[in-house]
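J.: What follows is the file upload.cif, containing mmCIF, C-alpha atoms:
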```
data_input
loop_
_atom_site.label_atom_id
_atom_site.label_comp_id
_atom_site.auth_asym_id
_atom_site.auth_seq_id
_atom_site.Cartn_x
_atom_site.Cartn_y
_atom_site.Cartn_z
CA MET A 112 72.32 -20.05 -50.66
CA MET A 113 69.24 -17.85 -50.53
CA HIS A 114 67.74 -20.04 -47.83
CA ALA A 115 70.88 -19.69 -45.73
CA LEU A 116 70.81 -15.88 -46.03
CA ALA A 117 67.12 -15.86 -45.10
CA TYR A 118 67.77 -17.95 -41.99
CA ALA A 119 70.69 -15.72 -41.01
CA ALA A 120 68.64 -12.56 -41.41
CA GLY A 121 65.74 -14.05 -39.48
CA GLY A 122 68.06 -15.08 -36.65
CA ALA A 123 69.55 -11.61 -36.41
CA VAL A 124 66.12 -9.96 -36.21
CA ALA A 125 64.89 -12.49 -33.65
CA GLY A 126 68.03 -12.01 -31.56
CA GLY A 127 67.62 -8.25 -31.59
CA LEU A 128 63.98 -8.46 -30.54
CA LEU A 129 64.83 -10.91 -27.76
CA ALA A 130 67.62 -8.68 -26.44
CA SER A 131 65.40 -5.59 -26.38
CA THR A 132 62.58 -7.55 -24.72
CA LEU A 133 64.90 -8.81 -21.98
CA THR A 134 66.18 -5.27 -21.40
CA VAL A 135 62.65 -3.89 -20.92
CA LEU A 136 61.71 -6.79 -18.62
CA ALA A 137 64.83 -6.24 -16.56
CA LEU A 138 63.98 -2.55 -16.17
CA ARG A 139 60.42 -3.35 -15.24
CA ARG A 140 61.36 -5.88 -12.55
CA GLY A 141 64.07 -3.73 -10.99
CA TYR A 142 67.01 -5.87 -12.01
CA GLU A 143 70.11 -4.62 -13.77
CA ALA A 144 70.83 -5.80 -17.30
CA PRO A 145 73.92 -8.02 -17.65
CA GLN A 146 77.06 -5.96 -18.08
CA GLU A 147 78.20 -7.81 -21.18
CA LYS A 148 75.01 -6.79 -23.07
CA GLN A 149 75.20 -3.07 -23.67
CA PRO A 150 71.81 -1.36 -24.18
CA GLU A 151 71.03 0.39 -27.38
CA PRO A 152 72.01 4.05 -27.63
CA ALA A 153 69.32 6.22 -26.05
CA ALA A 154 68.63 8.03 -29.31
CA PHE A 155 67.44 4.80 -30.97
CA LEU A 156 65.25 3.49 -28.13
CA PRO A 157 61.46 3.81 -28.36
CA THR A 158 59.68 6.25 -26.10
CA LYS A 159 58.48 3.55 -23.65
CA ALA A 160 61.98 2.16 -23.21
CA ARG A 161 63.31 5.67 -22.54
CA LEU A 162 60.53 6.14 -20.00
CA LEU A 163 61.51 2.95 -18.21
CA MET A 164 65.18 3.97 -18.19
CA ALA A 165 64.36 7.37 -16.70
CA VAL A 166 62.12 5.83 -14.06
CA GLU A 167 64.79 3.29 -13.10
CA GLN A 168 67.54 5.89 -12.80
CA VAL A 169 65.47 8.05 -10.47
CA VAL A 170 63.56 5.52 -8.36
CA SER A 171 66.46 3.10 -7.85
CA SER A 172 68.40 5.86 -6.10
CA LEU A 173 65.70 6.35 -3.46
CA PRO A 174 66.42 4.77 -0.04
CA ALA A 175 62.81 3.56 0.37
CA ALA A 176 60.91 0.66 -1.16
CA SER A 177 59.20 2.22 -4.17
CA LEU A 178 56.85 1.16 -6.96
CA VAL A 179 55.93 2.97 -10.18
CA LEU A 180 52.68 2.24 -12.02
CA ASP A 181 51.42 3.46 -15.37
CA GLN A 182 48.00 4.95 -16.03
CA ASP A 183 46.55 1.45 -16.51
CA ARG A 184 47.80 0.40 -13.03
CA ARG A 185 50.45 -1.89 -14.47
CA LEU A 186 53.68 -2.16 -12.53
CA LEU A 187 56.39 -0.39 -14.53
CA TYR A 188 59.18 -0.64 -12.00
CA ALA A 189 59.87 -1.89 -8.47
CA SER A 190 63.02 -0.64 -6.78
CA PRO A 191 65.66 -3.06 -5.48
CA GLN A 192 64.73 -1.96 -1.94
CA ALA A 193 61.15 -3.13 -2.57
CA TYR A 194 62.29 -6.61 -3.56
CA GLN A 195 64.81 -6.67 -0.72
CA GLN A 196 62.22 -5.83 1.95
CA PHE A 197 59.15 -7.60 0.60
CA ALA A 198 60.53 -10.20 -1.84
CA GLU A 199 57.70 -12.30 -3.28
CA SER A 200 55.10 -10.23 -1.38
CA VAL A 201 55.40 -7.34 -3.86
CA GLY A 202 52.72 -8.89 -6.05
CA SER A 203 50.44 -9.50 -3.05
CA ILE A 204 50.82 -5.87 -2.02
CA GLU A 205 49.96 -4.68 -5.52
CA ARG A 206 46.79 -6.83 -5.62
CA HIS A 207 45.65 -6.01 -2.08
CA PRO A 208 42.20 -4.33 -1.84
CA ALA A 209 43.61 -1.47 0.25
CA PHE A 210 46.27 -0.83 -2.42
CA GLN A 211 43.69 -0.84 -5.20
CA GLY A 212 41.37 1.34 -3.10
CA ALA A 213 44.05 4.01 -2.83
CA LEU A 214 44.47 3.90 -6.62
CA ASP A 215 40.70 4.28 -7.00
CA ARG A 216 40.75 7.39 -4.86
CA LEU A 217 43.63 8.81 -6.87
CA ALA A 218 41.77 8.11 -10.12
CA THR A 219 38.97 10.45 -9.06
CA ARG A 220 41.35 13.37 -8.87
CA SER A 221 42.49 15.51 -11.72
CA PRO A 222 46.20 15.51 -12.67
CA SER A 223 46.42 19.11 -11.46
CA ARG A 224 45.92 17.83 -7.92
CA GLY A 225 48.82 15.42 -8.21
CA GLU A 226 50.64 16.96 -5.27
CA GLU A 227 48.09 15.40 -2.90
CA ILE A 228 49.20 12.14 -1.27
CA GLU A 229 46.92 9.17 -0.67
CA GLU A 230 47.63 6.64 2.06
CA ALA A 231 46.73 2.97 2.55
CA ARG A 232 47.21 0.42 5.34
CA ILE A 233 47.92 -2.99 3.83
CA VAL A 234 47.73 -6.08 6.05
CA LEU A 235 49.24 -9.29 4.65
CA ASP A 236 48.50 -12.60 6.34
CA VAL A 237 50.54 -14.98 4.15
CA PRO A 238 53.17 -16.30 4.74
CA LEU A 239 53.45 -14.15 7.90
CA GLN A 240 51.39 -11.24 9.10
CA ARG A 241 52.89 -7.98 7.90
CA ILE A 242 51.50 -4.48 8.12
CA VAL A 243 52.58 -2.14 5.32
CA ARG A 244 51.87 1.57 5.00
CA GLY A 245 51.74 2.83 1.43
CA PHE A 246 51.88 6.44 0.27
CA PHE A 247 50.59 7.17 -3.24
CA GLN A 248 51.14 10.19 -5.46
CA LYS A 249 50.04 10.70 -9.07
CA LYS A 250 52.08 12.83 -11.45
CA ALA A 251 51.61 13.76 -15.11
CA PHE A 252 54.69 14.27 -17.34
CA PRO A 253 54.75 15.69 -20.90
CA LYS A 254 55.17 12.74 -23.23
CA ASN A 255 57.72 14.44 -25.48
CA ILE A 256 60.29 14.74 -22.70
CA PHE A 257 60.91 10.99 -23.05
CA ALA A 258 61.32 11.12 -26.83
CA SER A 259 64.62 11.44 -28.67
CA GLU A 260 65.63 14.73 -30.27
CA GLU A 261 64.66 13.42 -33.69
CA ASP A 262 61.23 12.23 -32.53
CA LYS A 263 60.23 15.29 -30.48
CA SER A 264 57.18 17.04 -31.81
CA GLU A 265 54.48 19.35 -30.65
CA ASP A 266 52.63 16.42 -29.06
CA ARG A 267 51.28 17.81 -25.79
CA ARG A 268 49.88 14.54 -24.49
CA SER A 269 51.07 13.54 -21.03
CA VAL A 270 52.28 10.33 -19.40
CA LEU A 271 50.47 9.65 -16.11
CA LEU A 272 52.54 7.80 -13.51
CA THR A 273 51.71 6.77 -9.94
CA PHE A 274 54.54 6.60 -7.41
CA VAL A 275 54.13 4.41 -4.32
CA VAL A 276 56.43 4.33 -1.30
CA LEU A 277 56.08 1.35 1.06
CA TYR A 278 57.04 1.12 4.74
CA ASP A 279 56.91 -2.03 6.85
CA VAL A 280 55.34 -0.94 10.15
CA THR A 281 54.66 -4.43 11.52
CA GLU A 282 57.08 -4.20 14.43
CA ALA A 283 56.03 -0.66 15.35
CA GLU A 284 52.32 -1.51 15.46
CA ILE A 285 52.86 -4.75 17.38
CA THR A 286 55.02 -2.90 19.90
CA GLU A 287 52.39 -0.20 20.29
CA ARG A 288 49.69 -2.82 20.80
CA LYS A 289 51.83 -4.62 23.38
CA HIS A 290 52.39 -1.40 25.28
CA ALA A 291 48.64 -0.72 25.37
CA ASP A 292 47.90 -4.27 26.53
CA PHE A 293 50.68 -4.05 29.10
CA VAL A 294 49.25 -0.87 30.65
CA ALA A 295 45.72 -2.31 30.70
CA PHE A 296 46.69 -5.65 32.21
CA ALA A 297 49.24 -4.26 34.65
CA SER A 298 46.80 -1.66 35.99
CA HIS A 299 44.15 -4.37 36.37
CA GLU A 300 46.49 -6.74 38.22
CA LEU A 301 47.81 -4.03 40.54
CA ARG A 302 44.37 -2.65 41.29
CA THR A 303 43.25 -5.77 43.19
CA PRO A 304 46.01 -5.86 45.86
CA LEU A 305 45.95 -2.07 46.12
CA ALA A 306 42.21 -2.10 46.78
CA ALA A 307 42.72 -4.77 49.45
CA LEU A 308 45.49 -2.76 51.12
CA MET A 309 43.44 0.43 51.12
CA GLY A 310 40.41 -1.38 52.57
CA PHE A 311 42.36 -2.93 55.42
CA ILE A 312 44.13 0.34 56.19
CA GLU A 313 40.79 2.11 56.49
CA THR A 314 39.52 -0.70 58.75
CA LEU A 315 42.59 -0.48 60.98
CA GLN A 316 42.18 3.27 61.23
CA GLY A 317 38.48 2.93 62.10
CA PRO A 318 36.58 -0.03 63.57
CA ALA A 319 39.65 -2.17 64.28
CA ALA A 320 41.73 0.63 65.80
CA ASP A 321 41.41 -0.91 69.31
CA ASP A 322 41.15 -4.60 68.35
CA PRO A 323 44.58 -6.32 68.60
CA ASP A 324 43.31 -9.63 67.20
CA ALA A 325 41.80 -7.97 64.10
CA GLN A 326 44.93 -5.89 63.65
CA LYS A 327 47.11 -9.00 63.66
CA GLU A 328 44.88 -10.75 61.15
CA PHE A 329 44.60 -7.76 58.84
CA LEU A 330 48.32 -7.00 58.96
CA GLY A 331 49.04 -10.57 57.86
CA ILE A 332 46.68 -10.22 54.90
CA MET A 333 48.20 -6.84 54.02
CA ALA A 334 51.69 -8.36 54.09
CA ALA A 335 50.54 -11.12 51.72
CA GLN A 336 49.05 -8.56 49.33
CA GLY A 337 52.25 -6.52 49.48
CA ARG A 338 54.30 -9.61 48.58
CA ARG A 339 51.89 -10.28 45.73
CA MET A 340 52.51 -6.79 44.35
CA GLN A 341 56.24 -7.26 44.76
CA ARG A 342 56.15 -10.54 42.79
CA LEU A 343 54.11 -8.89 40.07
CA LEU A 344 56.52 -5.97 39.73
CA ASP A 345 59.53 -8.29 39.77
CA GLY A 346 57.92 -10.38 37.04
CA LEU A 347 57.15 -7.32 34.92
CA LEU A 348 60.71 -6.02 35.23
CA TYR A 349 62.18 -9.41 34.35
CA LEU A 350 59.82 -9.79 31.40
CA SER A 351 60.86 -6.35 30.15
CA ARG A 352 64.55 -7.31 30.31
CA VAL A 353 63.87 -10.57 28.50
CA GLN A 354 61.98 -8.79 25.71
CA MET A 355 64.85 -6.33 25.23
CA LEU A 356 67.22 -9.25 24.56
CA GLU A 357 64.76 -11.41 22.62
CA HIS A 358 66.28 -10.61 19.20
CA GLN A 359 69.86 -11.25 20.36
CA ARG A 360 70.81 -14.90 20.18
CA PRO A 361 72.84 -15.97 23.25
CA ARG A 362 76.48 -16.84 22.66
CA GLY A 363 77.22 -18.91 25.75
CA GLN A 364 77.25 -22.68 26.21
CA ILE A 365 74.92 -24.62 28.49
CA ARG A 366 76.08 -27.94 29.90
CA LEU A 367 72.78 -29.69 30.38
CA GLY A 368 74.13 -31.95 33.12
CA GLU A 369 75.23 -28.92 35.16
CA LEU A 370 71.89 -27.22 34.42
CA CYS A 371 70.04 -30.17 35.95
CA SER A 372 72.27 -30.06 39.03
CA ARG A 373 71.68 -26.33 39.49
CA LEU A 374 67.93 -26.84 39.14
CA GLN A 375 67.89 -29.47 41.88
CA GLY A 376 69.87 -27.20 44.20
CA GLU A 377 67.81 -24.05 43.51
CA THR A 378 64.41 -25.73 43.92
CA GLY A 379 65.29 -27.81 46.98
CA ILE A 380 63.85 -25.20 49.35
CA LEU A 381 60.48 -25.34 47.57
CA PHE A 382 60.03 -29.02 48.46
CA ARG A 383 61.26 -29.01 52.06
CA GLN A 384 57.82 -28.40 53.54
CA SER A 385 55.87 -30.08 50.78
CA THR A 386 54.69 -33.64 50.26
CA ALA A 387 55.52 -33.33 46.55
CA THR A 388 58.56 -35.03 45.07
CA LEU A 389 60.98 -33.64 42.49
CA VAL A 390 62.78 -36.11 40.24
CA VAL A 391 65.56 -34.76 38.00
CA ILE A 392 66.84 -37.09 35.27
CA PRO A 393 70.03 -35.64 33.72
CA PRO A 394 71.08 -36.52 30.15
CA ASP A 395 72.90 -39.79 29.55
CA ASN A 396 75.92 -37.83 28.38
CA PRO A 397 76.89 -35.39 31.17
CA ASP A 398 78.82 -33.24 28.67
CA LEU A 399 75.86 -32.71 26.32
CA CYS A 400 75.51 -28.99 25.67
CA VAL A 401 73.60 -26.42 23.64
CA ALA A 402 74.21 -22.78 22.80
CA GLY A 403 72.38 -20.49 25.19
CA ASP A 404 72.21 -18.44 28.36
CA GLU A 405 72.39 -20.83 31.33
CA ASP A 406 70.86 -18.40 33.84
CA GLN A 407 67.86 -17.76 31.61
CA MET A 408 67.26 -21.44 30.90
CA LEU A 409 67.52 -22.15 34.62
CA GLN A 410 64.84 -19.51 35.18
CA VAL A 411 62.67 -21.26 32.59
CA LEU A 412 62.89 -24.61 34.40
CA ILE A 413 62.31 -22.99 37.81
CA ASN A 414 59.18 -21.26 36.51
CA LEU A 415 57.82 -24.54 35.14
CA VAL A 416 58.59 -26.45 38.34
CA GLU A 417 57.01 -23.72 40.50
CA ASN A 418 53.86 -23.78 38.34
CA ALA A 419 53.60 -27.55 38.59
CA LEU A 420 54.12 -27.41 42.35
CA LYS A 421 51.59 -24.63 43.03
CA TYR A 422 48.75 -26.06 40.98
CA GLY A 423 49.56 -29.69 41.78
CA VAL A 424 49.71 -29.18 45.55
CA CYS A 425 46.39 -27.33 45.39
CA HIS A 426 44.87 -30.38 43.70
CA SER A 427 46.50 -32.90 46.07
CA LYS A 428 44.76 -31.28 49.04
CA ASP A 429 41.47 -32.42 47.54
CA SER A 430 42.94 -35.81 46.61
CA PRO A 431 45.43 -36.74 49.37
CA GLU A 432 45.83 -40.26 48.02
CA ALA A 433 47.52 -38.90 44.85
CA ALA A 434 51.03 -37.76 45.79
CA LEU A 435 52.38 -35.10 43.46
CA THR A 436 55.50 -36.02 41.50
CA ILE A 437 57.32 -33.58 39.21
CA THR A 438 59.82 -35.07 36.79
CA VAL A 439 62.43 -33.05 34.90
CA SER A 440 64.28 -34.88 32.15
CA CYS A 441 66.65 -34.14 29.28
CA MET A 442 67.25 -36.17 26.12
CA MET A 443 68.18 -35.84 22.48
CA ALA A 444 65.18 -34.96 20.32
CA PRO A 445 63.98 -38.06 18.44
CA LEU A 446 63.71 -37.67 14.69
CA GLY A 447 60.29 -37.51 13.10
CA SER A 448 58.51 -36.58 16.34
CA GLY A 449 57.14 -33.23 15.24
CA TRP A 450 60.16 -31.15 16.19
CA PRO A 451 62.21 -29.17 13.61
CA ALA A 452 64.36 -31.26 11.31
CA GLY A 453 67.69 -30.10 12.73
CA PRO A 454 69.41 -31.83 15.67
CA GLY A 455 68.13 -30.69 19.03
CA VAL A 456 67.55 -31.46 22.70
CA VAL A 457 64.23 -31.80 24.54
CA LEU A 458 63.85 -30.66 28.13
CA SER A 459 60.68 -31.92 29.77
CA VAL A 460 58.87 -30.94 32.98
CA ALA A 461 56.05 -33.39 33.69
CA ASP A 462 53.66 -33.76 36.63
CA ASN A 463 50.77 -35.99 37.61
CA GLY A 464 48.65 -33.06 38.77
CA PRO A 465 45.10 -32.05 37.83
CA GLY A 466 45.87 -31.23 34.21
CA ILE A 467 44.57 -28.34 32.10
CA ALA A 468 41.56 -28.30 29.80
CA ALA A 469 42.47 -28.19 26.10
CA ARG A 470 40.69 -24.88 25.48
CA HIS A 471 43.14 -23.07 27.78
CA LEU A 472 46.38 -24.43 26.29
CA PRO A 473 46.75 -21.93 23.38
CA ARG A 474 46.52 -18.97 25.79
CA LEU A 475 48.85 -20.14 28.55
CA THR A 476 51.78 -18.02 27.33
CA GLU A 477 49.75 -14.80 27.22
CA ARG A 478 50.74 -12.24 29.80
CA PHE A 479 48.49 -12.24 32.90
CA TYR A 480 46.41 -15.16 31.62
CA ARG A 481 45.42 -17.68 34.30
CA VAL A 482 43.11 -20.67 34.10
CA PRO A 483 39.84 -19.36 35.59
CA LYS A 484 39.12 -22.28 37.94
CA THR A 485 42.55 -22.24 39.57
CA SER A 486 43.21 -18.47 39.56
CA ALA A 487 40.78 -18.02 42.45
CA VAL A 488 42.67 -20.57 44.56
CA VAL A 489 46.32 -20.12 43.54
CA GLN A 490 47.83 -16.65 43.68
CA GLY A 491 50.05 -15.94 40.70
CA SER A 492 51.04 -13.09 38.42
CA GLY A 493 50.25 -14.86 35.15
CA LEU A 494 53.68 -13.90 33.82
CA GLY A 495 55.66 -17.12 34.34
CA LEU A 496 54.85 -18.83 31.05
CA ALA A 497 55.08 -15.54 29.13
CA ILE A 498 58.65 -15.23 30.39
CA VAL A 499 59.29 -18.85 29.43
CA GLN A 500 58.03 -18.26 25.89
CA HIS A 501 60.18 -15.15 25.33
CA ILE A 502 63.34 -16.86 26.63
CA ILE A 503 62.82 -19.93 24.47
CA THR A 504 62.13 -17.74 21.43
CA ARG A 505 65.42 -15.95 22.05
CA HIS A 506 67.17 -19.33 22.04
CA GLY A 507 65.55 -20.30 18.74
CA GLY A 508 63.62 -23.10 20.45
CA ARG A 509 60.05 -24.39 20.63
CA PHE A 510 57.71 -24.62 23.63
CA VAL A 511 54.79 -27.06 23.78
CA VAL A 512 52.35 -27.83 26.60
CA ASP A 513 50.53 -31.18 26.57
CA SER A 514 47.91 -31.80 29.23
CA THR A 515 45.05 -34.15 30.03
CA VAL A 516 42.55 -33.32 32.73
CA GLY A 517 42.97 -35.73 35.64
CA GLU A 518 46.25 -37.16 34.38
CA GLY A 519 48.77 -34.32 34.46
CA THR A 520 50.70 -31.80 32.38
CA THR A 521 53.95 -32.03 30.43
CA CYS A 522 55.87 -28.95 29.29
CA LYS A 523 58.40 -29.68 26.56
CA ILE A 524 61.21 -27.40 25.39
CA TRP A 525 63.09 -28.10 22.18
CA LEU A 526 66.47 -26.36 21.81
CA PRO A 527 68.63 -26.55 18.67
CA LEU A 528 72.16 -27.80 18.89
CA GLY A 529 73.06 -25.24 16.21
CA ASP A 530 76.75 -24.47 15.90
CA ALA A 531 77.49 -25.72 19.38
CA THR A 532 79.23 -29.07 19.66
CA ALA A 533 77.12 -31.82 21.11
CA VAL A 534 79.94 -32.92 23.36
CA ILE A 535 82.56 -30.72 25.01
CA LYS A 536 85.92 -32.36 25.25
CA THR A 537 87.32 -32.00 28.76
#
```
For this file, produce the structure as C-alpha cells.

T.:
Amino acid sequence: MMHALAYAAGGAVAGGLLASTLTVLALRRGYEAPQEKQPEPAAFLPTKARLLMAVEQVVSSLPAASLVLDQDRRLLYASPQAYQQFAESVGSIERHPAFQGALDRLATRSPSRGEEIEEARIVLDVPLQRIVRGFFQKKAFPKNIFASEEDKSEDRRSVLLTFVVLYDVTEAEITERKHADFVAFASHELRTPLAALMGFIETLQGPAADDPDAQKEFLGIMAAQGRRMQRLLDGLLYLSRVQMLEHQRPRGQIRLGELCSRLQGETGILFRQSTATLVVIPPDNPDLCVAGDEDQMLQVLINLVENALKYGVCHSKDSPEAALTITVSCMMAPLGSGWPAGPGVVLSVADNGPGIAARHLPRLTERFYRVPKTSAVVQGSGLGLAIVQHIITRHGGRFVVDSTVGEGTTCKIWLPLGDATAVIKT
C-alpha cells in the first residue's frame, strides 16, 4: 500500500514538472500551449516563466519577425512571424557572424544607452541565398516587475533583454543590383552604335559632303546601326515586360502540335534566302498540351531558332560542305533523365553548327552576354537567351544548353504538365 502511494505521488510530481517544462518550451519557441492544458495561475509561476509570458504577449503582437534574447545571448522567444518567414533558418540567423557581431557591439554599451539601435546585414547561402537586415536594441527591466505580488521585494537588480527585428531584403537588393547592371550594360551596348552614327554624320557633313558614293555607303552603314539600336530597345522593352510577369504563372493552355505549326509558319521567311534547313517534328499526339502562354513560348522557340540560324550560317560560310540543319522536336520527358520527377514535356532545338565551348555555357542566359569569338562577326543584342530564361522560369520549367565544339548545340526546355490535362478531348 505504501509503495502504491509512493508511486502515485511520484507520478503526480513528475507530471507537474513535465507540464511546466512543456509550457516554458512552448513559450520559448513561439508556439501556443495546447488549449486543453491551462497554464498555472500567474501568481504561482516563477519569475522566469512570468518573464517569458510577458515577452510572448508583447512580441507576438508585433507585425514583424522578432527575436528576444537574454543577457547570455540565449533565444528566449521567436515570434510566429519569424518562424513563418524564415522557418528553419532562424537558428542559422542567430548563429551568423554578423548577428553575433551586432551583439558584441551592443555588449560594449551601458544599459543607459539602450535606446541606440545596432544594425547587421546577414547573408545566408543555404538552402537559398537570402539577405536579412537585423535591427538590435538592448533594454534593461527591473527584475521585480516580473515577480508576483507575494514575491516582490526591494531587489533592484535588472533583467537585460535584447530585441531583434528581422527583415528579408533579398528581393529588394537583387532588384537594385539588376537595375544597376541594366543601366551599365544598356549604356555600353547603346554607346557603340551611337558612336558609329555620330562618326558617319560628321564625315558626311565634312569630307564626304560632295562624294555621292561615300554618302551611299555611309548611309547604308548608318541604317544598319539604327536597326541595331532598334532591336536592342525592342529587346529591352520585351525583357522588361517578361520580368514584370515572371512571378505570375500563366493560366492558358498550349497545344504543342499547334505551337509547332505556328513556329514553322513564323520562321519560314528566315529560311527563304538561306541554305539552312528547318525541320519541325511535332509530338506524336497532336492534342498534347501544357499550361502556359502560347505567344511567349512561341517567342522562346523563335529566339532559339534565330540564334541557331545566325551563328550556324556564319560557320557554314567557312565550311560550305556542312549544310546547316535546325531541328525542333517535342516529346514527353523520359523518366530518370535528369528532369524533375513530375510529368513533363521536352521541347528541343538542335543544330549541327559550330557549337559553343563549355566555359561559356553557364553565362549564356546573362543579359548582353555574347560568346567573344562570334560577337565580332554576328550582330546581336545578347538578350535573346535572357528572355528565354525568364519566360521558362515563369512557366515553372527548366532550360538546359548542351553543346560540343564542332558538332552542334542543343537547347532543351522542360515544361511541367501540372494541372493541365495531357490530352484535350475534342

J.: Go through A:Gln359, A:Gln341, A:Gln354, A:Gln410 one by one, measure the shortest atom-to-atom distance of each to Leu374 (chain A) using all atoms listed in the file, and give the residue with the smallest value.

T.: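 Checking each candidate against Leu374 (chain A), we get A:Gln410 as the closest.
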
J.: For the point (68.3, -12.6, 29.0) in file coordinates, what residues are within 7 Å, counting only C-alpha atoms? Give the answer as a PyMOL selection string?

T.: chain A and resi 352-353+356+407+502

J.: Using all atoms listed in the file, find the one residue out of A:Val280, A:Met309, A:Val516, A:Met443 that sits nearest to Leu472 (chain A).

T.: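 Counting all atoms listed in the file, the residue closest to Leu472 (chain A) is A:Val516.
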
J.: In the coordinate frame of the file, compute which residues have an atom within 10 Å of (43.0, 7.3, 3.5) when using all atoms listed in the file, and state them as a list in words.

T.: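 Result, sorted by chain then residue number: Ala209, Gly212, Ala213, Arg216, Ile228, Glu229, Glu230, Ala231, Arg232 and Phe246 of chain A.
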
J.: Write out as JSON, numbers by chain each polymer residue whose atoms come within 7 Å of Asp462 (chain A), counting all atoms listed in the file; drop sequence neighbours fewer than 2 positions from it.

T.: {"A": [419, 436, 437, 438, 460, 464, 519, 520, 521]}

J.: Name the residues that the PyMOL selection byres ((chain A and resi 388) around 12) picks from the file above, as a ChimeraX atom specification, using the file's chain letters and numbers.

T.: /A:375,378-387,389-391,416,419-420,423-424,433-439,461-464

J.: As a PDB file, in the frame of the given file, please: region 269-287 of chain A completed to N, CA and C atoms.

T.:
```pdb
ATOM      1  N   SER A 269      50.267  13.785 -22.226  1.00  0.00           N
ATOM      2  CA  SER A 269      51.070  13.540 -21.030  1.00  0.00           C
ATOM      3  C   SER A 269      51.104  12.056 -20.677  1.00  0.00           C
ATOM      4  N   VAL A 270      52.134  11.685 -19.932  1.00  0.00           N
ATOM      5  CA  VAL A 270      52.280  10.330 -19.400  1.00  0.00           C
ATOM      6  C   VAL A 270      51.936  10.400 -17.919  1.00  0.00           C
ATOM      7  N   LEU A 271      50.947   9.613 -17.492  1.00  0.00           N
ATOM      8  CA  LEU A 271      50.470   9.650 -16.110  1.00  0.00           C
ATOM      9  C   LEU A 271      51.106   8.493 -15.337  1.00  0.00           C
ATOM     10  N   LEU A 272      51.873   8.814 -14.329  1.00  0.00           N
ATOM     11  CA  LEU A 272      52.540   7.800 -13.510  1.00  0.00           C
ATOM     12  C   LEU A 272      52.086   7.931 -12.057  1.00  0.00           C
ATOM     13  N   THR A 273      52.024   6.793 -11.367  1.00  0.00           N
ATOM     14  CA  THR A 273      51.710   6.770  -9.940  1.00  0.00           C
ATOM     15  C   THR A 273      52.912   6.219  -9.189  1.00  0.00           C
ATOM     16  N   PHE A 274      53.390   6.985  -8.224  1.00  0.00           N
ATOM     17  CA  PHE A 274      54.540   6.600  -7.410  1.00  0.00           C
ATOM     18  C   PHE A 274      54.039   6.134  -6.040  1.00  0.00           C
ATOM     19  N   VAL A 275      54.553   4.995  -5.599  1.00  0.00           N
ATOM     20  CA  VAL A 275      54.130   4.410  -4.320  1.00  0.00           C
ATOM     21  C   VAL A 275      55.378   4.138  -3.481  1.00  0.00           C
ATOM     22  N   VAL A 276      55.357   4.615  -2.249  1.00  0.00           N
ATOM     23  CA  VAL A 276      56.430   4.330  -1.300  1.00  0.00           C
ATOM     24  C   VAL A 276      55.864   3.442  -0.200  1.00  0.00           C
ATOM     25  N   LEU A 277      56.552   2.342   0.105  1.00  0.00           N
ATOM     26  CA  LEU A 277      56.080   1.350   1.060  1.00  0.00           C
ATOM     27  C   LEU A 277      56.961   1.327   2.308  1.00  0.00           C
ATOM     28  N   TYR A 278      56.327   1.226   3.470  1.00  0.00           N
ATOM     29  CA  TYR A 278      57.040   1.120   4.740  1.00  0.00           C
ATOM     30  C   TYR A 278      56.462  -0.054   5.528  1.00  0.00           C
ATOM     31  N   ASP A 279      57.339  -0.909   6.016  1.00  0.00           N
ATOM     32  CA  ASP A 279      56.910  -2.030   6.850  1.00  0.00           C
ATOM     33  C   ASP A 279      56.805  -1.535   8.292  1.00  0.00           C
ATOM     34  N   VAL A 280      55.578  -1.457   8.800  1.00  0.00           N
ATOM     35  CA  VAL A 280      55.340  -0.940  10.150  1.00  0.00           C
ATOM     36  C   VAL A 280      54.860  -2.045  11.086  1.00  0.00           C
ATOM     37  N   THR A 281      55.131  -3.302  10.718  1.00  0.00           N
ATOM     38  CA  THR A 281      54.660  -4.430  11.520  1.00  0.00           C
ATOM     39  C   THR A 281      55.177  -4.337  12.954  1.00  0.00           C
ATOM     40  N   GLU A 282      56.483  -4.208  13.095  1.00  0.00           N
ATOM     41  CA  GLU A 282      57.080  -4.200  14.430  1.00  0.00           C
ATOM     42  C   GLU A 282      56.595  -3.021  15.251  1.00  0.00           C
ATOM     43  N   ALA A 283      56.468  -1.852  14.624  1.00  0.00           N
ATOM     44  CA  ALA A 283      56.030  -0.660  15.350  1.00  0.00           C
ATOM     45  C   ALA A 283      54.607  -0.829  15.871  1.00  0.00           C
ATOM     46  N   GLU A 284      53.705  -1.369  15.030  1.00  0.00           N
ATOM     47  CA  GLU A 284      52.320  -1.510  15.460  1.00  0.00           C
ATOM     48  C   GLU A 284      52.175  -2.608  16.515  1.00  0.00           C
ATOM     49  N   ILE A 285      52.928  -3.692  16.371  1.00  0.00           N
ATOM     50  CA  ILE A 285      52.860  -4.750  17.380  1.00  0.00           C
ATOM     51  C   ILE A 285      53.382  -4.241  18.716  1.00  0.00           C
ATOM     52  N   THR A 286      54.475  -3.466  18.672  1.00  0.00           N
ATOM     53  CA  THR A 286      55.020  -2.900  19.900  1.00  0.00           C
ATOM     54  C   THR A 286      54.026  -1.958  20.556  1.00  0.00           C
ATOM     55  N   GLU A 287      53.386  -1.120  19.748  1.00  0.00           N
ATOM     56  CA  GLU A 287      52.390  -0.200  20.290  1.00  0.00           C
ATOM     57  C   GLU A 287      51.222  -0.959  20.915  1.00  0.00           C
TER      58      GLU A 287
END
```
